[in-house]
Amino acid sequence: MEELKIKIELDPVTDGIIQFPGNFKKDVSGDIRRALVIGTDGNFRTIDTAEMDRIFDGIGQDGYAAPVGDDYLLCFSGNSVMNSGYSRYLVGSAVMVKVGKDSRIKPLTDIDIKLMRTYFQMGLITLTYGGEKFGAYPLEYEAAA
């Protein structure tokens, strides 16, 4: 009979359960909405913890985060950043999460989703390059002195 095997080598990328006993599988059914994926084209969808983890794993060390409002973070890949002179813009999609005072990602309510979409859409601008118009989200940051 197979047994539960857990590997912990103080490496958050690879540590965890590496084998479940028998036919037991991690139950992710009924997982709560954990994040909002939103695009500069106006499309959006909510995702659960497993999908959020998959996206963050894919972004890897090329990821950035920017605060949106008081409770939210916009997380995105560096490949989605367009530099234009002294300005930077997000072009593509990003993951928005709600962060509590304890710095943990919190479940989303319908109100959170509406607020996140509103904050993001209020910031969108239209850029033109090579005759093509597209949506972009300005990334604000302080320039080094």
# chains A, B, ... in the order shown; residues from 1 in each chain; ligands from 1
call {"tool": "residues_around", "arguments": {"residues": "region 79-86 of chain A", "least_positions_apart": "6", "cutoff": "8 Å", "atoms": "only C-alpha atoms", "output": "list of chain:residue names"}}
result
A:Asp62, A:Gly92, A:Ser93
call {"tool": "write_last_selection", "arguments": {"atoms": "N, CA and C atoms", "output": "CSV table (one decimal), in the first residue's frame"}}
result
chain,number,residue,atom,x,y,z
A,62,ASP,N,10.0,36.5,-13.2
A,62,ASP,CA,9.8,37.6,-14.1
A,62,ASP,C,8.6,38.4,-13.7
A,92,GLY,N,-1.8,43.6,-21.9
A,92,GLY,CA,-2.0,42.2,-21.8
A,92,GLY,C,-3.0,41.9,-20.7
A,93,SER,N,-2.6,41.0,-19.8
A,93,SER,CA,-3.5,40.6,-18.7
A,93,SER,C,-2.7,40.5,-17.4
call {"tool": "residues_around", "arguments": {"residues": "Val99 (chain A)", "least_positions_apart": "2", "cutoff": "9 Å", "atoms": "only C-alpha atoms", "output": "CSV table (one decimal) with N, CA and C atoms, in the first residue's frame"}}
result
chain,number,residue,atom,x,y,z
A,70,ASP,N,-6.3,50.4,-1.8
A,70,ASP,CA,-5.7,50.1,-0.5
A,70,ASP,C,-5.6,48.6,-0.3
A,71,ASP,N,-6.4,47.7,-0.9
A,71,ASP,CA,-6.4,46.3,-0.5
A,71,ASP,C,-6.0,45.4,-1.6
A,72,TYR,N,-5.7,45.9,-2.8
A,72,TYR,CA,-5.5,45.0,-4.0
A,72,TYR,C,-4.1,45.1,-4.5
A,73,LEU,N,-3.6,44.0,-5.1
A,73,LEU,CA,-2.3,44.0,-5.9
A,73,LEU,C,-2.6,43.5,-7.3
A,97,VAL,N,-5.3,40.4,-6.9
A,97,VAL,CA,-5.6,39.7,-5.6
A,97,VAL,C,-6.0,40.7,-4.5
A,101,LYS,N,-4.6,42.7,6.0
A,101,LYS,CA,-3.6,43.4,6.8
A,101,LYS,C,-2.5,42.4,7.2
A,102,ASP,N,-2.7,41.1,7.2
A,102,ASP,CA,-1.7,40.1,7.5
A,102,ASP,C,-0.9,39.7,6.3
A,103,SER,N,-1.1,40.4,5.2
A,103,SER,CA,-0.3,40.2,3.9
A,103,SER,C,-0.7,38.8,3.3
A,104,ARG,N,-1.8,38.2,3.6
A,104,ARG,CA,-2.2,37.0,3.0
A,104,ARG,C,-3.3,37.3,1.9
A,105,ILE,N,-3.3,36.5,0.9
A,105,ILE,CA,-4.3,36.6,-0.1
A,105,ILE,C,-5.7,36.2,0.4
A,106,LYS,N,-6.7,37.0,0.2
A,106,LYS,CA,-8.0,36.8,0.8
A,106,LYS,C,-9.0,36.3,-0.3
call {"tool": "select_by_dssp", "arguments": {"residues": "region 15-134 of chain A", "states": "alpha helix (DSSP H)", "output": "ChimeraX atom specification"}}
result
/A:49-59,110-123
call {"tool": "select_by_dssp", "arguments": {"residues": "region 14-119 of chain A", "states": "strand (DSSP E)", "output": "PDB file with N, CA and C atoms, in the first residue's frame"}}
result
ATOM      1  N   GLY A  16       6.477  20.025  -0.541  1.00  0.00           N
ATOM      2  CA  GLY A  16       5.063  19.706  -0.442  1.00  0.00           C
ATOM      3  C   GLY A  16       4.811  18.223  -0.535  1.00  0.00           C
ATOM      4  N   ILE A  17       3.555  17.848  -0.746  1.00  0.00           N
ATOM      5  CA  ILE A  17       3.166  16.449  -0.871  1.00  0.00           C
ATOM      6  C   ILE A  17       3.597  15.956  -2.251  1.00  0.00           C
ATOM      7  N   ILE A  18       4.382  14.903  -2.280  1.00  0.00           N
ATOM      8  CA  ILE A  18       4.849  14.371  -3.557  1.00  0.00           C
ATOM      9  C   ILE A  18       4.169  13.064  -3.921  1.00  0.00           C
ATOM     10  N   GLN A  19       3.461  12.463  -2.959  1.00  0.00           N
ATOM     11  CA  GLN A  19       2.715  11.223  -3.243  1.00  0.00           C
ATOM     12  C   GLN A  19       1.561  11.089  -2.265  1.00  0.00           C
ATOM     13  N   ALA A  35      -8.807  35.065  -7.073  1.00  0.00           N
ATOM     14  CA  ALA A  35      -8.190  36.162  -7.809  1.00  0.00           C
ATOM     15  C   ALA A  35      -9.022  36.481  -9.043  1.00  0.00           C
ATOM     16  N   LEU A  36      -8.726  37.636  -9.598  1.00  0.00           N
ATOM     17  CA  LEU A  36      -9.373  38.094 -10.819  1.00  0.00           C
ATOM     18  C   LEU A  36      -8.298  38.243 -11.876  1.00  0.00           C
ATOM     19  N   VAL A  37      -8.493  37.602 -13.024  1.00  0.00           N
ATOM     20  CA  VAL A  37      -7.601  37.818 -14.162  1.00  0.00           C
ATOM     21  C   VAL A  37      -8.293  38.856 -15.032  1.00  0.00           C
ATOM     22  N   ILE A  38      -7.588  39.936 -15.315  1.00  0.00           N
ATOM     23  CA  ILE A  38      -8.187  41.037 -16.067  1.00  0.00           C
ATOM     24  C   ILE A  38      -7.245  41.487 -17.167  1.00  0.00           C
ATOM     25  N   GLY A  39      -7.819  41.800 -18.319  1.00  0.00           N
ATOM     26  CA  GLY A  39      -7.013  42.182 -19.466  1.00  0.00           C
ATOM     27  C   GLY A  39      -7.197  43.637 -19.843  1.00  0.00           C
ATOM     28  N   PHE A  44     -12.348  39.731 -18.459  1.00  0.00           N
ATOM     29  CA  PHE A  44     -11.932  39.299 -17.123  1.00  0.00           C
ATOM     30  C   PHE A  44     -12.539  37.946 -16.813  1.00  0.00           C
ATOM     31  N   ARG A  45     -11.968  37.287 -15.794  1.00  0.00           N
ATOM     32  CA  ARG A  45     -12.517  36.038 -15.261  1.00  0.00           C
ATOM     33  C   ARG A  45     -11.981  35.854 -13.852  1.00  0.00           C
ATOM     34  N   THR A  46     -12.747  35.135 -13.022  1.00  0.00           N
ATOM     35  CA  THR A  46     -12.261  34.812 -11.685  1.00  0.00           C
ATOM     36  C   THR A  46     -11.606  33.435 -11.738  1.00  0.00           C
ATOM     37  N   ILE A  47     -10.654  33.228 -10.843  1.00  0.00           N
ATOM     38  CA  ILE A  47      -9.928  31.960 -10.809  1.00  0.00           C
ATOM     39  C   ILE A  47      -9.834  31.460  -9.380  1.00  0.00           C
ATOM     40  N   GLY A  63       8.034  38.211 -12.527  1.00  0.00           N
ATOM     41  CA  GLY A  63       6.808  38.858 -12.104  1.00  0.00           C
ATOM     42  C   GLY A  63       7.027  40.174 -11.383  1.00  0.00           C
ATOM     43  N   TYR A  64       6.005  41.006 -11.491  1.00  0.00           N
ATOM     44  CA  TYR A  64       5.974  42.291 -10.802  1.00  0.00           C
ATOM     45  C   TYR A  64       4.624  42.429 -10.114  1.00  0.00           C
ATOM     46  N   ALA A  65       4.541  43.306  -9.132  1.00  0.00           N
ATOM     47  CA  ALA A  65       3.277  43.597  -8.474  1.00  0.00           C
ATOM     48  C   ALA A  65       3.183  45.099  -8.253  1.00  0.00           C
ATOM     49  N   ALA A  66       1.965  45.622  -8.434  1.00  0.00           N
ATOM     50  CA  ALA A  66       1.719  47.045  -8.217  1.00  0.00           C
ATOM     51  C   ALA A  66       0.454  47.183  -7.381  1.00  0.00           C
ATOM     52  N   PRO A  67       0.464  48.077  -6.387  1.00  0.00           N
ATOM     53  CA  PRO A  67      -0.747  48.263  -5.578  1.00  0.00           C
ATOM     54  C   PRO A  67      -1.844  48.933  -6.399  1.00  0.00           C
ATOM     55  N   VAL A  68      -3.089  48.504  -6.134  1.00  0.00           N
ATOM     56  CA  VAL A  68      -4.264  49.120  -6.746  1.00  0.00           C
ATOM     57  C   VAL A  68      -5.234  49.379  -5.601  1.00  0.00           C
ATOM     58  N   TYR A  72      -5.665  45.855  -2.808  1.00  0.00           N
ATOM     59  CA  TYR A  72      -5.470  44.975  -3.954  1.00  0.00           C
ATOM     60  C   TYR A  72      -4.073  45.108  -4.543  1.00  0.00           C
ATOM     61  N   LEU A  73      -3.620  44.012  -5.136  1.00  0.00           N
ATOM     62  CA  LEU A  73      -2.347  43.991  -5.855  1.00  0.00           C
ATOM     63  C   LEU A  73      -2.595  43.515  -7.276  1.00  0.00           C
ATOM     64  N   LEU A  74      -1.942  44.150  -8.226  1.00  0.00           N
ATOM     65  CA  LEU A  74      -1.969  43.763  -9.624  1.00  0.00           C
ATOM     66  C   LEU A  74      -0.647  43.043  -9.900  1.00  0.00           C
ATOM     67  N   CYS A  75      -0.702  41.770 -10.246  1.00  0.00           N
ATOM     68  CA  CYS A  75       0.491  40.942 -10.456  1.00  0.00           C
ATOM     69  C   CYS A  75       0.574  40.583 -11.936  1.00  0.00           C
ATOM     70  N   PHE A  76       1.761  40.759 -12.523  1.00  0.00           N
ATOM     71  CA  PHE A  76       1.883  40.562 -13.964  1.00  0.00           C
ATOM     72  C   PHE A  76       3.305  40.187 -14.344  1.00  0.00           C
ATOM     73  N   SER A  77       3.435  39.688 -15.552  1.00  0.00           N
ATOM     74  CA  SER A  77       4.733  39.289 -16.085  1.00  0.00           C
ATOM     75  C   SER A  77       5.462  40.504 -16.650  1.00  0.00           C
ATOM     76  N   VAL A  81       5.056  44.311 -19.960  1.00  0.00           N
ATOM     77  CA  VAL A  81       5.354  45.714 -19.702  1.00  0.00           C
ATOM     78  C   VAL A  81       5.933  46.362 -20.960  1.00  0.00           C
ATOM     79  N   MET A  82       5.329  47.486 -21.349  1.00  0.00           N
ATOM     80  CA  MET A  82       5.807  48.259 -22.498  1.00  0.00           C
ATOM     81  C   MET A  82       6.422  49.548 -21.972  1.00  0.00           C
ATOM     82  N   ASN A  83       7.644  49.818 -22.365  1.00  0.00           N
ATOM     83  CA  ASN A  83       8.323  51.050 -21.974  1.00  0.00           C
ATOM     84  C   ASN A  83       8.166  52.082 -23.087  1.00  0.00           C
ATOM     85  N   SER A  84       7.831  53.305 -22.677  1.00  0.00           N
ATOM     86  CA  SER A  84       7.653  54.389 -23.639  1.00  0.00           C
ATOM     87  C   SER A  84       8.250  55.650 -23.029  1.00  0.00           C
ATOM     88  N   SER A  87       7.613  56.472 -19.286  1.00  0.00           N
ATOM     89  CA  SER A  87       6.424  55.795 -18.786  1.00  0.00           C
ATOM     90  C   SER A  87       6.488  54.303 -19.073  1.00  0.00           C
ATOM     91  N   ARG A  88       5.811  53.541 -18.202  1.00  0.00           N
ATOM     92  CA  ARG A  88       5.679  52.094 -18.402  1.00  0.00           C
ATOM     93  C   ARG A  88       4.205  51.750 -18.372  1.00  0.00           C
ATOM     94  N   TYR A  89       3.819  50.786 -19.197  1.00  0.00           N
ATOM     95  CA  TYR A  89       2.421  50.398 -19.293  1.00  0.00           C
ATOM     96  C   TYR A  89       2.302  48.884 -19.290  1.00  0.00           C
ATOM     97  N   LEU A  90       1.220  48.400 -18.679  1.00  0.00           N
ATOM     98  CA  LEU A  90       0.861  46.994 -18.776  1.00  0.00           C
ATOM     99  C   LEU A  90       0.009  46.840 -20.028  1.00  0.00           C
ATOM    100  N   SER A  93      -2.625  40.971 -19.848  1.00  0.00           N
ATOM    101  CA  SER A  93      -3.483  40.645 -18.706  1.00  0.00           C
ATOM    102  C   SER A  93      -2.656  40.522 -17.437  1.00  0.00           C
ATOM    103  N   ALA A  94      -3.369  40.567 -16.316  1.00  0.00           N
ATOM    104  CA  ALA A  94      -2.720  40.494 -15.011  1.00  0.00           C
ATOM    105  C   ALA A  94      -3.664  39.790 -14.037  1.00  0.00           C
ATOM    106  N   VAL A  95      -3.109  39.367 -12.918  1.00  0.00           N
ATOM    107  CA  VAL A  95      -3.873  38.757 -11.847  1.00  0.00           C
ATOM    108  C   VAL A  95      -4.018  39.803 -10.746  1.00  0.00           C
ATOM    109  N   MET A  96      -5.266  40.044 -10.320  1.00  0.00           N
ATOM    110  CA  MET A  96      -5.505  40.953  -9.199  1.00  0.00           C
ATOM    111  C   MET A  96      -5.939  40.129  -7.997  1.00  0.00           C
ATOM    112  N   VAL A  97      -5.318  40.404  -6.868  1.00  0.00           N
ATOM    113  CA  VAL A  97      -5.644  39.702  -5.624  1.00  0.00           C
ATOM    114  C   VAL A  97      -5.959  40.714  -4.532  1.00  0.00           C
ATOM    115  N   LYS A  98      -6.742  40.251  -3.558  1.00  0.00           N
ATOM    116  CA  LYS A  98      -7.026  41.049  -2.374  1.00  0.00           C
ATOM    117  C   LYS A  98      -6.056  40.612  -1.288  1.00  0.00           C
ATOM    118  N   VAL A  99      -5.403  41.582  -0.656  1.00  0.00           N
ATOM    119  CA  VAL A  99      -4.415  41.277   0.372  1.00  0.00           C
ATOM    120  C   VAL A  99      -4.886  41.866   1.694  1.00  0.00           C
ATOM    121  N   ILE A 105      -3.328  36.486   0.890  1.00  0.00           N
ATOM    122  CA  ILE A 105      -4.334  36.643  -0.149  1.00  0.00           C
ATOM    123  C   ILE A 105      -5.675  36.187   0.404  1.00  0.00           C
ATOM    124  N   LYS A 106      -6.682  37.020   0.248  1.00  0.00           N
ATOM    125  CA  LYS A 106      -8.013  36.781   0.815  1.00  0.00           C
ATOM    126  C   LYS A 106      -8.998  36.345  -0.281  1.00  0.00           C
TER     127      LYS A 106
END
call {"tool": "atom_distance", "arguments": {"atom1": "CA of Gly130 (chain A)", "atom2": "CA of Val91 (chain A)"}}
result
15.3 Å
call {"tool": "atom_distance", "arguments": {"atom1": "CA of Ile32 (chain A)", "atom2": "CA of Leu108 (chain A)"}}
result
7.8 Å
call {"tool": "atom_distance", "arguments": {"atom1": "CA of Glu51 (chain A)", "atom2": "CA of Gly123 (chain A)"}}
result
25.5 Å
